[in-house]
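Listing of coords31.tsv, TSV, C-alpha atoms and all ligand atoms
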```tsv
chain	number	residue	atom	x	y	z
E	709	MET	CA	-22.51	10.66	47.69
E	710	SER	CA	-25.09	7.92	47.53
E	711	GLU	CA	-27.62	7.32	50.25
E	712	PHE	CA	-27.15	4.17	52.29
E	713	GLY	CA	-29.36	1.32	51.15
E	714	LEU	CA	-29.76	-2.15	49.74
E	715	ASP	CA	-30.74	-2.73	46.10
E	716	ILE	CA	-32.14	-6.23	45.76
E	717	ALA	CA	-31.37	-7.68	42.32
E	718	ALA	CA	-32.99	-11.10	42.78
E	719	THR	CA	-34.66	-13.35	45.32
E	720	ASP	CA	-34.75	-17.13	45.56
E	721	GLY	CA	-37.25	-18.09	48.24
E	722	PRO	CA	-36.35	-15.94	51.26
E	723	ALA	CA	-32.74	-15.55	49.97
E	724	ARG	CA	-31.70	-12.27	48.34
E	725	ALA	CA	-28.82	-11.13	46.13
E	726	GLY	CA	-28.22	-7.42	46.15
E	727	THR	CA	-25.90	-4.44	46.39
E	728	LEU	CA	-25.29	-2.50	49.56
E	729	ARG	CA	-24.67	1.19	48.78
E	730	THR	CA	-22.57	3.12	51.27
E	731	ALA	CA	-20.49	6.28	51.59
E	732	HIS	CA	-17.41	4.10	51.17
E	733	GLY	CA	-18.52	2.17	48.10
E	734	ALA	CA	-20.81	-0.68	47.17
E	735	VAL	CA	-20.76	-4.27	48.40
E	736	SER	CA	-22.34	-7.28	46.70
E	737	THR	CA	-24.57	-9.31	49.00
E	738	PRO	CA	-24.81	-11.80	50.55
E	739	THR	CA	-21.45	-10.88	52.04
E	740	PHE	CA	-19.07	-12.19	54.67
E	741	MET	CA	-17.21	-9.52	56.68
E	742	PRO	CA	-13.73	-10.52	57.91
E	743	VAL	CA	-13.16	-9.44	61.51
E	744	GLY	CA	-10.48	-6.78	61.96
E	745	THR	CA	-10.54	-6.73	65.75
E	746	ALA	CA	-7.79	-4.20	66.47
E	747	ALA	CA	-7.92	-2.40	63.10
E	748	THR	CA	-6.25	-5.35	61.40
E	749	VAL	CA	-7.54	-8.62	60.04
E	750	LYS	CA	-5.00	-10.75	61.88
E	751	ALA	CA	-2.11	-12.08	59.76
E	752	MET	CA	-3.37	-10.23	56.65
E	753	THR	CA	-2.38	-6.99	54.91
E	754	ALA	CA	-5.31	-4.90	53.70
E	755	ASP	CA	-4.28	-5.73	50.11
E	756	ALA	CA	-4.47	-9.42	50.93
E	757	VAL	CA	-7.95	-9.00	52.45
E	758	ARG	CA	-9.06	-7.19	49.28
E	759	ALA	CA	-7.56	-9.96	47.11
E	760	THR	CA	-9.83	-12.51	48.82
E	761	GLY	CA	-12.80	-10.56	47.46
E	762	ALA	CA	-13.96	-9.07	50.77
E	763	GLY	CA	-15.97	-5.88	50.29
E	764	ILE	CA	-16.49	-4.81	53.90
E	765	VAL	CA	-14.64	-5.52	57.15
E	766	LEU	CA	-15.51	-5.29	60.82
E	767	GLY	CA	-13.75	-3.42	63.63
E	768	ASN	CA	-14.22	-3.94	67.38
E	769	THR	CA	-15.14	-0.85	69.37
E	770	TYR	CA	-14.15	-2.42	72.69
E	771	HIS	CA	-10.58	-3.13	71.58
E	772	LEU	CA	-10.13	0.17	69.71
E	773	MET	CA	-11.49	2.29	72.58
E	774	LEU	CA	-8.79	0.81	74.84
E	775	ARG	CA	-5.99	0.80	72.26
E	776	PRO	CA	-5.12	3.05	70.49
E	777	GLY	CA	-8.19	5.05	71.65
E	778	PRO	CA	-10.86	6.67	69.47
E	779	GLU	CA	-9.26	10.15	69.56
E	780	ARG	CA	-5.98	8.75	68.26
E	781	VAL	CA	-7.79	6.89	65.45
E	782	ALA	CA	-9.64	10.08	64.53
E	783	ALA	CA	-6.36	12.05	64.51
E	784	LEU	CA	-4.91	9.47	62.10
E	785	GLY	CA	-7.77	10.12	59.69
E	786	GLY	CA	-10.20	7.47	60.93
E	787	LEU	CA	-10.19	3.72	60.73
E	788	HIS	CA	-10.34	3.61	56.91
E	789	ARG	CA	-7.18	5.64	56.48
E	790	MET	CA	-5.35	4.12	59.44
E	791	MET	CA	-5.80	0.52	58.30
E	792	ASP	CA	-5.70	1.21	54.53
E	793	TRP	CA	-9.32	0.11	54.06
E	794	PRO	CA	-11.11	2.85	52.09
E	795	GLY	CA	-14.10	0.53	51.66
E	796	PRO	CA	-16.99	0.18	54.09
E	797	ILE	CA	-16.30	-0.74	57.71
E	798	LEU	CA	-18.83	-1.96	60.26
E	799	THR	CA	-18.00	-1.51	63.93
E	800	ASP	CA	-19.71	-3.39	66.72
E	801	SER	CA	-20.89	-1.44	69.76
E	802	GLY	CA	-18.40	-2.83	72.25
E	803	GLY	CA	-21.24	-4.50	74.14
E	804	PHE	CA	-20.49	-8.09	73.25
E	805	GLN	CA	-16.89	-8.09	74.51
E	806	ILE	CA	-17.84	-6.16	77.65
E	807	MET	CA	-20.69	-8.56	78.46
E	808	SER	CA	-18.14	-11.36	78.08
E	809	LEU	CA	-15.90	-9.83	80.77
E	810	GLY	CA	-17.99	-11.49	83.51
E	811	LYS	CA	-16.98	-10.25	86.94
E	812	LEU	CA	-14.98	-7.40	85.43
E	813	ARG	CA	-18.15	-5.50	84.50
E	814	LYS	CA	-21.20	-4.01	86.17
E	815	LEU	CA	-24.38	-3.36	84.23
E	816	ASP	CA	-27.05	-0.78	85.09
E	817	GLU	CA	-29.89	0.93	83.25
E	818	ASP	CA	-27.67	3.77	82.05
E	819	GLY	CA	-24.78	1.67	80.76
E	820	VAL	CA	-21.96	-0.60	81.78
E	821	THR	CA	-18.81	0.01	83.83
E	822	PHE	CA	-15.94	-2.34	83.18
E	823	ALA	CA	-12.30	-3.00	83.91
E	824	SER	CA	-9.96	-3.22	80.93
E	825	HIS	CA	-8.67	-6.76	80.32
E	826	ILE	CA	-5.29	-5.13	79.53
E	827	ASP	CA	-4.48	-3.12	82.65
E	828	GLY	CA	-7.59	-3.25	84.84
E	829	SER	CA	-8.31	0.46	84.31
E	830	LYS	CA	-11.98	1.49	84.77
E	831	HIS	CA	-14.09	2.50	81.77
E	832	ARG	CA	-17.73	3.33	81.19
E	833	LEU	CA	-19.77	2.60	78.08
E	834	THR	CA	-23.27	3.97	77.50
E	835	PRO	CA	-25.29	4.03	74.28
E	836	GLU	CA	-24.25	7.67	73.81
E	837	ARG	CA	-20.56	6.95	74.43
E	838	SER	CA	-20.65	3.96	72.05
E	839	MET	CA	-22.14	6.19	69.31
E	840	ALA	CA	-19.46	8.85	69.93
E	841	ILE	CA	-16.64	6.29	69.74
E	842	GLN	CA	-17.96	4.69	66.56
E	843	HIS	CA	-18.31	8.20	65.10
E	844	SER	CA	-14.65	8.94	65.93
E	845	LEU	CA	-13.65	5.69	64.27
E	846	ASP	CA	-15.63	6.84	61.18
E	847	ALA	CA	-17.58	3.58	60.99
E	848	THR	CA	-19.67	3.26	57.83
E	849	ILE	CA	-22.12	1.08	59.73
E	850	THR	CA	-22.56	1.75	63.45
E	851	MET	CA	-24.21	-0.82	65.72
E	852	VAL	CA	-26.50	0.13	68.61
E	853	LEU	CA	-25.27	-0.75	72.10
E	854	ASP	CA	-27.21	-3.72	73.41
E	855	GLU	CA	-26.92	-6.41	76.03
E	856	CYS	CA	-26.17	-9.75	74.42
E	857	THR	CA	-28.51	-11.91	76.52
E	858	PRO	CA	-26.64	-14.89	78.01
E	859	PHE	CA	-27.70	-18.35	76.86
E	860	PRO	CA	-29.55	-20.17	78.24
E	861	ALA	CA	-31.78	-17.55	79.88
E	862	THR	CA	-35.25	-17.89	81.37
E	863	GLU	CA	-38.00	-16.06	79.50
E	864	GLU	CA	-38.18	-13.55	82.37
E	865	VAL	CA	-34.46	-12.76	82.20
E	866	ALA	CA	-34.51	-12.64	78.38
E	867	ARG	CA	-37.48	-10.24	78.45
E	868	ALA	CA	-35.87	-7.80	80.91
E	869	SER	CA	-32.61	-7.89	78.95
E	870	MET	CA	-34.35	-7.37	75.59
E	871	GLU	CA	-36.46	-4.50	76.95
E	872	MET	CA	-33.38	-2.70	78.24
E	873	SER	CA	-31.64	-3.26	74.89
E	874	MET	CA	-34.63	-1.64	73.15
E	875	ARG	CA	-34.36	1.42	75.43
E	876	TRP	CA	-30.65	1.52	74.60
E	877	ALA	CA	-31.49	1.19	70.88
E	878	SER	CA	-33.70	4.26	71.18
E	879	ARG	CA	-30.92	6.21	72.96
E	880	SER	CA	-28.41	5.03	70.32
E	881	ARG	CA	-30.70	6.32	67.55
E	882	ALA	CA	-31.00	9.71	69.25
E	883	ALA	CA	-27.22	10.02	69.76
E	884	PHE	CA	-26.18	8.82	66.28
E	885	ILE	CA	-25.21	11.66	63.92
E	886	PRO	CA	-26.66	10.87	60.48
E	887	ARG	CA	-24.46	11.42	57.43
E	888	PRO	CA	-25.19	10.47	53.80
E	889	GLY	CA	-24.12	6.91	53.07
E	890	TYR	CA	-23.66	6.04	56.75
E	891	ALA	CA	-25.96	3.75	58.71
E	892	LEU	CA	-27.08	2.76	62.17
E	893	PHE	CA	-28.26	-0.83	62.62
E	894	GLY	CA	-30.65	-2.03	65.32
E	895	ILE	CA	-30.20	-5.47	66.90
E	896	VAL	CA	-33.08	-7.89	67.51
E	897	GLN	CA	-32.76	-9.69	70.85
E	898	GLY	CA	-35.15	-12.03	72.69
E	899	SER	CA	-33.14	-15.25	72.93
E	900	VAL	CA	-35.09	-18.31	71.69
E	901	PHE	CA	-38.55	-16.92	72.54
E	902	PRO	CA	-40.67	-16.08	69.46
E	903	GLU	CA	-42.85	-13.59	71.33
E	904	LEU	CA	-39.81	-11.67	72.61
E	905	ARG	CA	-38.18	-11.66	69.17
E	906	ALA	CA	-41.44	-10.30	67.72
E	907	ARG	CA	-41.65	-7.54	70.33
E	908	SER	CA	-37.98	-6.64	69.79
E	909	ALA	CA	-38.38	-6.49	66.00
E	910	ALA	CA	-41.50	-4.34	66.37
E	911	ALA	CA	-39.71	-1.95	68.75
E	912	LEU	CA	-36.79	-1.56	66.34
E	913	ARG	CA	-39.07	-0.97	63.35
E	914	GLU	CA	-40.86	1.69	65.35
E	915	ILE	CA	-37.57	3.47	66.14
E	916	GLY	CA	-36.38	3.07	62.53
E	917	PHE	CA	-32.95	1.87	61.40
E	918	GLU	CA	-31.02	1.65	58.12
E	919	GLY	CA	-30.43	-2.04	58.73
E	920	PHE	CA	-31.36	-4.80	61.16
E	921	ALA	CA	-29.16	-7.36	62.89
E	922	VAL	CA	-30.19	-10.57	64.57
E	923	GLY	CA	-28.19	-10.80	67.80
E	924	GLY	CA	-27.92	-13.25	70.63
E	925	LEU	CA	-27.32	-16.25	68.38
E	926	ALA	CA	-24.27	-18.52	67.98
E	927	VAL	CA	-23.95	-18.39	71.76
E	928	GLY	CA	-24.37	-22.11	72.37
E	929	GLU	CA	-27.94	-22.74	71.25
E	930	GLY	CA	-26.88	-25.00	68.36
E	931	GLN	CA	-27.50	-24.72	64.63
E	932	ALA	CA	-31.05	-26.16	64.61
E	933	GLU	CA	-32.23	-23.67	67.25
E	934	MET	CA	-30.43	-20.81	65.49
E	935	PHE	CA	-32.13	-21.63	62.19
E	936	ALA	CA	-35.49	-21.93	63.98
E	937	VAL	CA	-35.04	-18.42	65.43
E	938	LEU	CA	-34.14	-17.09	61.95
E	939	ASP	CA	-37.17	-18.83	60.41
E	940	TYR	CA	-39.55	-16.74	62.50
E	941	THR	CA	-37.44	-13.61	63.10
E	942	VAL	CA	-36.27	-12.68	59.59
E	943	PRO	CA	-39.85	-12.26	58.22
E	944	MET	CA	-40.45	-9.70	61.01
E	945	LEU	CA	-37.75	-7.41	59.53
E	946	PRO	CA	-38.36	-4.86	56.75
E	947	ALA	CA	-37.70	-6.62	53.42
E	948	GLU	CA	-36.04	-3.58	51.83
E	949	ARG	CA	-33.38	-3.17	54.53
E	950	PRO	CA	-30.13	-5.16	54.95
E	951	ARG	CA	-30.16	-7.99	57.50
E	952	TYR	CA	-27.08	-8.99	59.44
E	953	LEU	CA	-26.58	-12.20	61.41
E	954	MET	CA	-23.97	-11.36	64.05
E	955	GLY	CA	-21.05	-13.65	64.87
E	956	VAL	CA	-21.97	-16.47	62.47
E	957	GLY	CA	-20.42	-18.86	61.59
E	958	THR	CA	-19.34	-22.09	59.84
E	959	PRO	CA	-19.67	-22.38	56.05
E	960	ASP	CA	-22.81	-24.47	56.62
E	961	ASP	CA	-24.24	-21.81	58.99
E	962	LEU	CA	-23.65	-19.20	56.29
E	963	LEU	CA	-25.49	-21.14	53.60
E	964	GLY	CA	-28.37	-21.75	56.04
E	965	GLY	CA	-28.48	-18.06	56.93
E	966	VAL	CA	-28.45	-16.97	53.28
E	967	ALA	CA	-31.30	-19.39	52.54
E	968	ARG	CA	-33.28	-17.71	55.35
E	969	GLY	CA	-32.83	-14.18	53.99
E	970	ILE	CA	-29.65	-12.95	55.72
E	971	ASP	CA	-27.46	-10.53	53.71
E	972	MET	CA	-24.44	-10.00	55.98
E	973	PHE	CA	-22.31	-12.17	58.27
E	974	ASP	CA	-19.19	-11.79	60.38
E	975	CYS	CA	-17.20	-14.30	62.37
E	976	VAL	CA	-13.69	-14.81	63.70
E	977	MET	CA	-13.89	-18.45	62.63
E	978	PRO	CA	-11.95	-18.36	59.31
E	979	THR	CA	-9.20	-16.09	60.70
E	980	ARG	CA	-8.89	-17.81	64.09
E	981	ALA	CA	-8.93	-21.22	62.39
E	982	GLY	CA	-6.22	-20.01	60.01
E	983	ARG	CA	-3.92	-19.33	62.97
E	984	THR	CA	-4.62	-22.74	64.53
E	985	ALA	CA	-4.02	-24.92	61.44
E	986	ARG	CA	-7.73	-25.49	60.72
E	987	ALA	CA	-8.54	-25.30	57.01
E	988	TYR	CA	-12.03	-24.73	55.61
E	989	THR	CA	-12.17	-26.17	52.10
E	990	SER	CA	-14.60	-27.33	49.44
E	991	ARG	CA	-13.75	-30.87	50.68
E	992	GLY	CA	-14.46	-30.22	54.35
E	993	VAL	CA	-12.37	-29.14	57.35
E	994	PHE	CA	-8.74	-30.27	57.72
E	995	ASN	CA	-6.28	-29.99	60.59
E	996	MET	CA	-3.04	-29.15	58.81
E	997	ARG	CA	-0.96	-30.41	61.75
E	998	ASN	CA	-2.21	-33.92	61.03
E	999	ALA	CA	0.64	-36.26	60.01
E	1000	ARG	CA	-1.33	-37.45	56.99
E	1001	PHE	CA	-0.39	-34.17	55.26
E	1002	ALA	CA	3.39	-34.58	55.76
E	1003	ASP	CA	3.92	-35.92	52.23
E	1004	ASP	CA	0.76	-34.62	50.56
E	1005	ALA	CA	1.85	-32.78	47.43
E	1006	ARG	CA	-1.67	-31.74	46.42
E	1007	PRO	CA	-2.89	-28.15	46.76
E	1008	LEU	CA	-4.92	-27.50	49.91
E	1009	ASP	CA	-8.11	-26.98	47.90
E	1010	PRO	CA	-7.94	-27.76	44.16
E	1011	ASP	CA	-10.96	-25.50	43.58
E	1012	CYS	CA	-9.38	-22.42	45.21
E	1013	ALA	CA	-7.59	-19.56	43.42
E	1014	CYS	CA	-5.82	-18.15	46.51
E	1015	PRO	CA	-1.97	-17.96	46.59
E	1016	CYS	CA	-1.80	-20.69	49.24
E	1017	CYS	CA	-3.58	-23.17	46.96
E	1018	GLN	CA	-2.00	-21.93	43.72
E	1019	LYS	CA	1.62	-21.97	44.88
E	1020	HIS	CA	2.01	-24.50	47.68
E	1021	ALA	CA	1.44	-28.11	48.61
E	1022	ARG	CA	-0.41	-29.32	51.70
E	1023	ALA	CA	2.89	-30.78	52.87
E	1024	TYR	CA	4.43	-27.29	52.93
E	1025	LEU	CA	1.57	-25.92	55.05
E	1026	HIS	CA	1.92	-28.90	57.37
E	1027	HIS	CA	5.66	-28.20	57.66
E	1028	LEU	CA	5.10	-24.48	58.40
E	1029	PHE	CA	2.69	-25.26	61.24
E	1030	ARG	CA	4.97	-27.98	62.62
E	1031	CYS	CA	7.82	-25.43	62.76
E	1032	GLU	CA	5.52	-22.69	64.06
E	1033	GLU	CA	6.57	-20.44	61.17
E	1034	MET	CA	4.38	-17.34	60.93
E	1035	LEU	CA	3.83	-17.90	57.21
E	1036	GLY	CA	1.62	-20.88	58.10
E	1037	PRO	CA	-1.08	-18.75	59.79
E	1038	MET	CA	-0.67	-16.09	57.08
E	1039	LEU	CA	-1.24	-18.50	54.18
E	1040	LEU	CA	-4.04	-20.43	55.89
E	1041	THR	CA	-5.88	-17.27	56.99
E	1042	TRP	CA	-5.69	-16.05	53.39
E	1043	HIS	CA	-7.07	-19.35	52.15
E	1044	ASN	CA	-9.87	-19.56	54.74
E	1045	LEU	CA	-11.02	-16.02	53.96
E	1046	ALA	CA	-10.78	-16.72	50.21
E	1047	TYR	CA	-12.90	-19.84	50.72
E	1048	TYR	CA	-15.57	-17.95	52.70
E	1049	GLN	CA	-15.68	-15.25	50.01
E	1050	SER	CA	-15.95	-17.78	47.19
E	1051	LEU	CA	-18.78	-19.51	49.05
E	1052	MET	CA	-20.67	-16.20	49.29
E	1053	ARG	CA	-19.95	-15.30	45.65
E	1054	GLY	CA	-21.24	-18.73	44.59
E	1055	ALA	CA	-24.37	-18.27	46.71
E	1056	ARG	CA	-24.97	-14.86	45.13
E	1057	VAL	CA	-24.68	-16.22	41.58
E	1058	ALA	CA	-26.94	-19.15	42.53
E	1059	ILE	CA	-29.60	-16.76	43.89
E	1060	LEU	CA	-29.43	-14.71	40.69
E	1061	ASP	CA	-29.95	-17.95	38.74
E	1062	GLY	CA	-32.71	-19.20	41.08
E	1063	ARG	CA	-30.78	-22.31	42.12
E	1064	LEU	CA	-29.57	-21.68	45.68
E	1065	ASP	CA	-30.87	-25.04	46.94
E	1066	GLY	CA	-28.83	-26.92	44.35
E	1067	TYR	CA	-25.73	-24.83	45.07
E	1068	ALA	CA	-25.99	-25.46	48.83
E	1069	ALA	CA	-26.59	-29.18	48.29
E	1070	ALA	CA	-23.50	-29.44	46.06
E	1071	ALA	CA	-21.36	-27.56	48.63
E	1072	ARG	CA	-22.54	-29.87	51.43
E	1073	ALA	CA	-21.88	-32.94	49.27
E	1074	GLY	CA	-18.30	-31.72	48.75
E	1075	TRP	CA	-17.75	-31.31	52.51
E	1076	GLN	CA	-19.15	-34.81	53.08
E	1077	GLU	CA	-17.09	-36.39	50.36
E	1078	GLY	CA	-13.76	-35.23	51.83
E	1079	ASP	CA	-10.50	-35.46	49.94
E	1080	GLY	CA	-10.24	-39.22	49.50
L	1	ZN	ZN	-7.00	-21.46	48.87
```

Can you dump the structure from the file as structure tokens?
Amino acid sequence: MSEFGLDIAATDGPARAGTLRTAHGAVSTPTFMPVGTAATVKAMTADAVRATGAGIVLGNTYHLMLRPGPERVAALGGLHRMMDWPGPILTDSGGFQIMSLGKLRKLDEDGVTFASHIDGSKHRLTPERSMAIQHSLDATITMVLDECTPFPATEEVARASMEMSMRWASRSRAAFIPRPGYALFGIVQGSVFPELRARSAAALREIGFEGFAVGGLAVGEGQAEMFAVLDYTVPMLPAERPRYLMGVGTPDDLLGGVARGIDMFDCVMPTRAGRTARAYTSRGVFNMRNARFADDARPLDPDCACPCCQKHARAYLHHLFRCEEMLGPMLLTWHNLAYYQSLMRGARVAILDGRLDGYAAAARAGWQEGDG
């Protein structure tokens, strides 16, 4: 079984094209990870997710610890077996959803106590418990438990939050059980303060991780601020380790992240949008409920090889959403994920050819141009 690691095949400025080696197979990078919240990428079979070209998916510890429970997942052979995804799976720590629970949670130095959004039952998550749950799920990549600092935050609040997250990162490292081909990723916090980001990155490097995530972004700071944080944060991370930008984002965010040296992304955007009639295409974003599609016989995206675009007209998609037929969300989720994957594949080829700038400019021109 191969050791976990990233082989970098080419660079183009800060951007990298590589191969992530894991216990559950290899993944070409840069890569977009579809979000499989409750051990399913919503509206998609695992075969369909594979057909889009996805190499790695994400699972949510918070949701899986409540239902069906980590012991039950382990008894069913782990997440890979249960959801028919033998490839690599990254699980988040549960922290982000719990921090989002607002009044339903109480944070202290040791961990966080929270009430389930399902039945109000009380639960406790600590760095050690998060590691144990992700172990039961058999996550290929485990994330440290951290506090996702709210935005905006004063520098004082952001510092205290980041410092606690670094203590939790250290406890996560100690509790994580290493296995060949498996990884634990640290998460850089520090909000929009360069000095805090630098101290966080230094603390994580000191502890030592198989990969490094940039957290606390895409929380309302805006794209320009997010890119500014990446501009100074990414160079603080070890060049030979994978870098993961959490919870990002739009196709344009992804291209900007790749150009700044990010290897991995995840976001609910393409799947959520697929269920709400929002299409991401090479010609920009469409709302398929719009009446202008009622008689549009063209494929959704003429440049896309997915079944939705190969077999159906825009008018059919429009009709499915108008009638609230479940095939509408299924087809559009498939398309959106296929589009995200093709965007990442194109970026990878462009990096290998040393022409990422030109590739990104052409993609942006297509979004601007629209569909006439
Ligand atoms: Zn398509």

Compile a residue-level contact table for chain E against ligand ZN 1 (chain L) at a cut-off of 7 Å, reporting for every qualifying residue the shortest atom pair and its distance in Å to one decimal, with all atoms listed in the file counted, rows ordered by chain and ascending number, as a tab-separated table.
```
residue	atom	partner	partner_atom	distance
E:Leu1008	CA	L:ZN1	ZN	6.5
E:Asp1009	CA	L:ZN1	ZN	5.7
E:Cys1012	CA	L:ZN1	ZN	4.5
E:Ala1013	CA	L:ZN1	ZN	5.8
E:Cys1014	CA	L:ZN1	ZN	4.2
E:Pro1015	CA	L:ZN1	ZN	6.5
E:Cys1016	CA	L:ZN1	ZN	5.3
E:Cys1017	CA	L:ZN1	ZN	4.3
E:His1043	CA	L:ZN1	ZN	3.9
E:Asn1044	CA	L:ZN1	ZN	6.8
E:Ala1046	CA	L:ZN1	ZN	6.2
E:Tyr1047	CA	L:ZN1	ZN	6.4
```

Practice item. Identify which of the residues E:Phe804, E:Tyr770, E:Trp876, E:Phe893 lies closest to Leu845 (chain E), counting all atoms listed in the file when measuring atom-to-atom distances. Key: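 For Leu845 (chain E), the nearest of the candidates is E:Tyr770.
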
Exercise for review: For Leu1028 (chain E), work out the shell of residues within 10 Å, counting only C-alpha atoms and skipping chain neighbours fewer than 6 positions away, then give it as a PyMOL selection string.
Suggested key: chain E and resi 985+996-997+1022+1034-1037+1039

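The residue set within 12 Å of Arg887 (chain E), counting all atoms listed in the file and dropping same-chain residues fewer than 6 places from it, reads Met709, Ser710, Glu711, Phe712, Thr730, Ala731, His732, His843, Asp846, Ala847, Thr848, Ile849, Thr850 and Glu918 of chain E.
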
Practice item. Write out as a ChimeraX atom specification which residues come within 7 Å of Ala762 (chain E) when counting all atoms listed in the file, dropping same-chain ones fewer than 5 positions away. Key: /E:741,757,1049

Practice item. Please return, as number ranges by chain, all polymer residues that have at least one atom within 12 Å of the point (-21.2, 6.1, 76.0); use only C-alpha atoms and the file's own coordinate frame. Key: E: 769-770, 773, 801-803, 818-821, 831-843, 852-854, 876, 879-880, 883-884

Check your understanding: Just how far from CA of Asp800 (chain E) is CA of Val865 (chain E), in Å to one decimal?
Key ->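 We find that CA of Val865 (chain E) and CA of Asp800 (chain E) lie 23.3 Å from each other.
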
Review point. With distances taken over only C-alpha atoms, which of E:Ala967, E:Ser844, E:Thr857, E:Gly923 is nearest to Gly785 (chain E)?
Key: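 Among the listed residues, E:Ser844 lies closest to Gly785 (chain E).
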
Point to revise | Contact residues around Ala734 (chain E) with all atoms listed in the file at 10 Å, ignoring same-chain residues under 4 positions, as JSON, numbers by chain | key: {"E": [710, 712, 713, 714, 727, 728, 729, 730, 763, 764, 795, 796]}

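The spacing separating CA of Glu1077 (chain E) from CA of Val993 (chain E) amounts to 11.1 Å.
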